Amino acid sequence: MIPAAWLVILTMTLTWAGALCVWLLGDKRSRLQHAFAIIFSLAAAAAALALIPHATEEAVISFEFGTAFGAFTFIPNSLGIFLAVVATTIGSLAIIFSVDYMRGEAQLGRYYVLILLFIGSMAGLVLSGSLLLLFLFWEMTAFCSYALISFFNDDPKAVRGGIKALIITQVGGAGLLTGTLAAYSYLGTYQINDLLVQAYLIPPEILAFIGFSFLIAAMAKSAQVPFHTWLPDAMEAPTPVSALIHAATMVNAGVYLLARFYPAFEDVAGWKTAVLFVGMITALIAASMAVVANDLKRTLAYSTVSQLGYMVYALGVGGVLASQFHLMSHAVFKALLFLAAGAVIHSVDTRDMRQMGGLRKAMPFTAVVFIIGAAALAGLPIFNGFWSKELILEAGLHEGPLWAYLGVLLAAGLTAFYSLRMVSMVFFGKANATESVHIHQAGTAMKVALVPLAIGALTTWLLIGSFGHWLKDTLPGQHFHTITLLAFVMEILTAPEAYVAMGMVALGAALYWFRDKWAALSKRFAFWGHWADKGFGFEAINKGLVNITQKSASALQLTQTGQLNWNIAGILLGLIAVLCVVFFIQ
């Protein structure tokens, strides 16, 4: 058996080695680039899977970097291994899908280099045992996402989307760094396990400051309100990149951060309430925006924001297992949906669902796998999304406030509504594609990537028993409610609240199915749809902040006289003002 230390290093570095090989090959050897990217990503996934038996060892891999930074450590605990497996396996499937999707791309080498770096950075992030190392990989994922979102750099929308993602997620980076430095100032160490074990030594107000700093970091990274606006604009990236960002890497980092440090902050006054409120309001607002979106990828993006809200809400009510179980379910069905959507877009050459319709006849395979993914997203019984979502709703009803539970329940109904709307607009009804479009089935590589995801959407819920025990046994301090598979099924199927949730899902689907019957009533709520279509004003707030910043910068330009004497005088006056404020406070 390969030692855990080697497997941790291989999980990260194999993707980086693959990136180097692809770069050295050059774009004239596209077949070799495809092959090397697939081989190295699959090897990294195999290394991550091989780490699973080592999860209980809590083996620490340490690299000394002097007294200033201390030791950079990696700890293959169960939560980190789970997310490393998600990142590498789904990343590998996205790369396989890219063989067909990116065929003929002039800058294929840059594409694969960035994707492989992205996967390796996410694996490094979740396996890090040091806060500084965690921050380093946190920023690496931010850079890779920016570069991939703006991959088509001749498209102004893509460039703008990449820059927007980078700027907003840097707010999260600032929050993570601030919390890290505050923790170090009291504990004298950057080690994550030390913070989890010694959190009680930190004064309550400082621990609260660290906890809320980490919450801001998670909100920006996982696109929670009000930092959610970057994720829909990230849709300008190639579709396999969208699948990777939404299902396997970037947005999962924030949820991971909250789950990893949950034992340290769960007793901080107001922290869990803030977490559940952020999750609930995000799930509800994003679901509302998905209901009125006509862009297929943007609808899926809003659904990602909403589903991440479910996970954050679950953490706020203490449902750590429910949150991580839904993360696994979501990773599978969202990767399936994005890649299937990519096959559709690749065929019809548009993202506007109003220009699709009737594609089930021309693309039967794609229609089947997309419907499986949409059913899982909607939370229909049998599919993995149903079981993990029910676990969240159960935790919310028993451990959280009723108002938050009702908000998430309403979001579940809206999810069923827009899921059915997507399927109907894309695959059923009248064909609206232009005559010049040559509709074709998904390629072989696309099918190879889609089949295991479709199977996963039907079967991953069967892992609930081993999943819960595995996390419980290997994360000290985490209070998981573990349950066997049979007991879990019986608990869900016999709980009255489960039927309430299923009723809400059925209501959401029925409202769309019989939408013509209540068209007159819906006109009275047209203002809500219009407001949702405009993003509830959050984009206007973003633009307002940008305008204020630009005008402030223009005004401050007047102070740059270019004359040294005036600059020195300004610095002295500013210093005197600061000293006066400090003296007055004392």
# chains A, B, ... in the order shown; residues from 1 in each chain; ligands from 1
call {"tool": "closest_atom_pairs", "arguments": {"of": "region 142-249 of chain A", "to": "region 80-99 of chain A", "cutoff": "8 Å", "atoms": "only C-alpha atoms", "output": "Markdown table"}}
result
| residue | atom | partner | partner_atom | distance |
| --- | --- | --- | --- | --- |
| A:Pro240 | CA | A:Ala94 | CA | 5.2 |
| A:Val241 | CA | A:Ala94 | CA | 7.5 |
| A:Ala243 | CA | A:Ala94 | CA | 7.1 |
| A:Leu244 | CA | A:Gly91 | CA | 6.1 |
| A:Ala247 | CA | A:Ile90 | CA | 7.7 |
| A:Ala248 | CA | A:Ala87 | CA | 4.5 |
| A:Thr249 | CA | A:Ala87 | CA | 5.7 |
call {"tool": "write_last_selection", "arguments": {"atoms": "N, CA and C atoms", "output": "PDB file, in the first residue's frame"}}
result
ATOM      1  N   PRO A 240     -17.391  22.967 -19.905  1.00  0.00           N
ATOM      2  CA  PRO A 240     -16.728  22.068 -18.957  1.00  0.00           C
ATOM      3  C   PRO A 240     -16.122  22.810 -17.770  1.00  0.00           C
ATOM      4  N   VAL A 241     -15.668  24.041 -18.002  1.00  0.00           N
ATOM      5  CA  VAL A 241     -15.150  24.864 -16.904  1.00  0.00           C
ATOM      6  C   VAL A 241     -16.286  25.223 -15.954  1.00  0.00           C
ATOM      7  N   ALA A 243     -18.931  23.483 -15.375  1.00  0.00           N
ATOM      8  CA  ALA A 243     -19.213  22.271 -14.599  1.00  0.00           C
ATOM      9  C   ALA A 243     -18.206  22.110 -13.471  1.00  0.00           C
ATOM     10  N   LEU A 244     -16.953  22.395 -13.763  1.00  0.00           N
ATOM     11  CA  LEU A 244     -15.892  22.250 -12.771  1.00  0.00           C
ATOM     12  C   LEU A 244     -16.061  23.258 -11.645  1.00  0.00           C
ATOM     13  N   ALA A 247     -19.545  22.429  -9.696  1.00  0.00           N
ATOM     14  CA  ALA A 247     -19.770  21.111  -9.097  1.00  0.00           C
ATOM     15  C   ALA A 247     -18.603  20.609  -8.268  1.00  0.00           C
ATOM     16  N   ALA A 248     -17.376  20.964  -8.640  1.00  0.00           N
ATOM     17  CA  ALA A 248     -16.241  20.247  -8.068  1.00  0.00           C
ATOM     18  C   ALA A 248     -15.219  21.108  -7.352  1.00  0.00           C
ATOM     19  N   THR A 249     -15.121  22.374  -7.670  1.00  0.00           N
ATOM     20  CA  THR A 249     -13.988  23.127  -7.129  1.00  0.00           C
ATOM     21  C   THR A 249     -14.415  24.394  -6.408  1.00  0.00           C
TER      22      THR A 249
END
call {"tool": "select_by_dssp", "arguments": {"residues": "region 71-306 of chain A", "states": "helix (DSSP H, G or I)", "output": "ChimeraX atom specification"}}
result
/A:78-101,108-127,131-149,156-187,192-201,204-221,230-236,239-248,252-260,262-265,271-292,296-306
call {"tool": "residues_around", "arguments": {"residues": "Tyr256 (chain A)", "least_positions_apart": "4", "cutoff": "12 Å", "atoms": "only C-alpha atoms", "output": "JSON, numbers by chain"}}
result
{"A": [78, 79, 80, 81, 82, 83, 84, 122, 123, 125, 126, 127, 128, 134, 138, 214, 215, 217, 218, 219, 221, 222, 248, 249, 250, 251, 252, 260, 261, 262, 308, 311, 312, 315, 320, 321, 323, 324, 325, 327, 328]}
call {"tool": "closest_residue", "arguments": {"among": "A:Ala264, A:Leu108, A:Val60, A:Leu49", "to": "Ser30 (chain A)", "atoms": "only C-alpha atoms"}}
result
A:Leu108
call {"tool": "residues_around", "arguments": {"residues": "region 388-391 of chain A", "least_positions_apart": "3", "cutoff": "6 Å", "atoms": "only C-alpha atoms", "output": "list in words"}}
result
Ala322, Phe325, His326, Gly385 and Glu394 of chain A
call {"tool": "residues_around", "arguments": {"residues": "Arg351 (chain A)", "least_positions_apart": "5", "cutoff": "7 Å", "atoms": "only C-alpha atoms", "output": "MDAnalysis selection string"}}
result
chainID A and resid 295:297 345
call {"tool": "closest_residue", "arguments": {"among": "A:Gly124, A:Gly279, A:Pro203, A:Pro238", "to": "Ser185 (chain A)", "atoms": "only C-alpha atoms"}}
result
A:Pro203
call {"tool": "residues_around", "arguments": {"residues": "Ala208 (chain A)", "least_positions_apart": "5", "cutoff": "9 Å", "atoms": "only C-alpha atoms", "output": "JSON, numbers by chain"}}
result
{"A": [203, 213, 265, 268, 269, 270, 271]}
call {"tool": "atom_distance", "arguments": {"atom1": "CA of Leu231 (chain A)", "atom2": "CA of Ile119 (chain A)"}}
result
18.2 Å
call {"tool": "atom_distance", "arguments": {"atom1": "CA of Arg421 (chain A)", "atom2": "CA of Ala293 (chain A)"}}
result
10.1 Å
call {"tool": "residues_around", "arguments": {"residues": "Thr444 (chain A)", "least_positions_apart": "4", "cutoff": "9 Å", "atoms": "only C-alpha atoms", "output": "mmCIF file with N, CA and C atoms, in the first residue's frame"}}
result
data_model
loop_
_atom_site.group_PDB
_atom_site.id
_atom_site.type_symbol
_atom_site.label_atom_id
_atom_site.label_comp_id
_atom_site.auth_asym_id
_atom_site.auth_seq_id
_atom_site.Cartn_x
_atom_site.Cartn_y
_atom_site.Cartn_z
ATOM 1 N N PHE A 97 -14.884 15.096 -21.271
ATOM 2 C CA PHE A 97 -15.929 15.776 -22.038
ATOM 3 C C PHE A 97 -15.321 16.812 -22.984
ATOM 4 N N ASP A 100 -14.338 16.323 -26.965
ATOM 5 C CA ASP A 100 -15.292 16.674 -28.022
ATOM 6 C C ASP A 100 -15.624 18.160 -28.016
ATOM 7 N N VAL A 448 -19.187 9.339 -22.680
ATOM 8 C CA VAL A 448 -18.361 8.654 -21.679
ATOM 9 C C VAL A 448 -18.356 9.434 -20.369
ATOM 10 N N ALA A 449 -18.343 10.760 -20.456
ATOM 11 C CA ALA A 449 -18.354 11.591 -19.252
ATOM 12 C C ALA A 449 -19.731 11.652 -18.603
#
call {"tool": "closest_atom_pairs", "arguments": {"of": "region 50-133 of chain A", "to": "region 188-193 of chain A", "cutoff": "7 Å", "atoms": "only C-alpha atoms", "output": "Markdown table"}}
result
| residue | atom | partner | partner_atom | distance |
| --- | --- | --- | --- | --- |
| A:Gly129 | CA | A:Ile192 | CA | 5.5 |
| A:Ser130 | CA | A:Gln191 | CA | 4.5 |
| A:Leu131 | CA | A:Tyr190 | CA | 5.2 |
| A:Leu132 | CA | A:Tyr190 | CA | 6.5 |
call {"tool": "closest_residue", "arguments": {"among": "A:Ala182, A:Ala45, A:Val225, A:Leu420", "to": "Ile210 (chain A)", "atoms": "only C-alpha atoms"}}
result
A:Ala182
call {"tool": "atom_distance", "arguments": {"atom1": "CA of Asp352 (chain A)", "atom2": "CA of Asn294 (chain A)"}}
result
5.8 Å
call {"tool": "decode", "arguments": {"residues": "region 181-193 of chain A", "atoms": "C-alpha atoms", "output": "PDB file, in the first residue's frame"}}
result
ATOM      1  CA  LEU A 181      -3.839  36.548  11.292  1.00  0.00           C
ATOM      2  CA  ALA A 182      -6.205  37.170  14.208  1.00  0.00           C
ATOM      3  CA  ALA A 183      -6.054  33.484  15.173  1.00  0.00           C
ATOM      4  CA  TYR A 184      -2.257  33.481  14.915  1.00  0.00           C
ATOM      5  CA  SER A 185      -1.964  36.574  17.110  1.00  0.00           C
ATOM      6  CA  TYR A 186      -3.596  34.685  20.000  1.00  0.00           C
ATOM      7  CA  LEU A 187      -2.476  31.105  19.442  1.00  0.00           C
ATOM      8  CA  GLY A 188       0.954  31.651  17.896  1.00  0.00           C
ATOM      9  CA  THR A 189       0.343  28.928  15.315  1.00  0.00           C
ATOM     10  CA  TYR A 190      -1.171  28.571  11.863  1.00  0.00           C
ATOM     11  CA  GLN A 191      -2.101  24.902  12.307  1.00  0.00           C
ATOM     12  CA  ILE A 192      -5.791  24.200  11.716  1.00  0.00           C
ATOM     13  CA  ASN A 193      -5.998  21.421  14.315  1.00  0.00           C
TER      14      ASN A 193
END
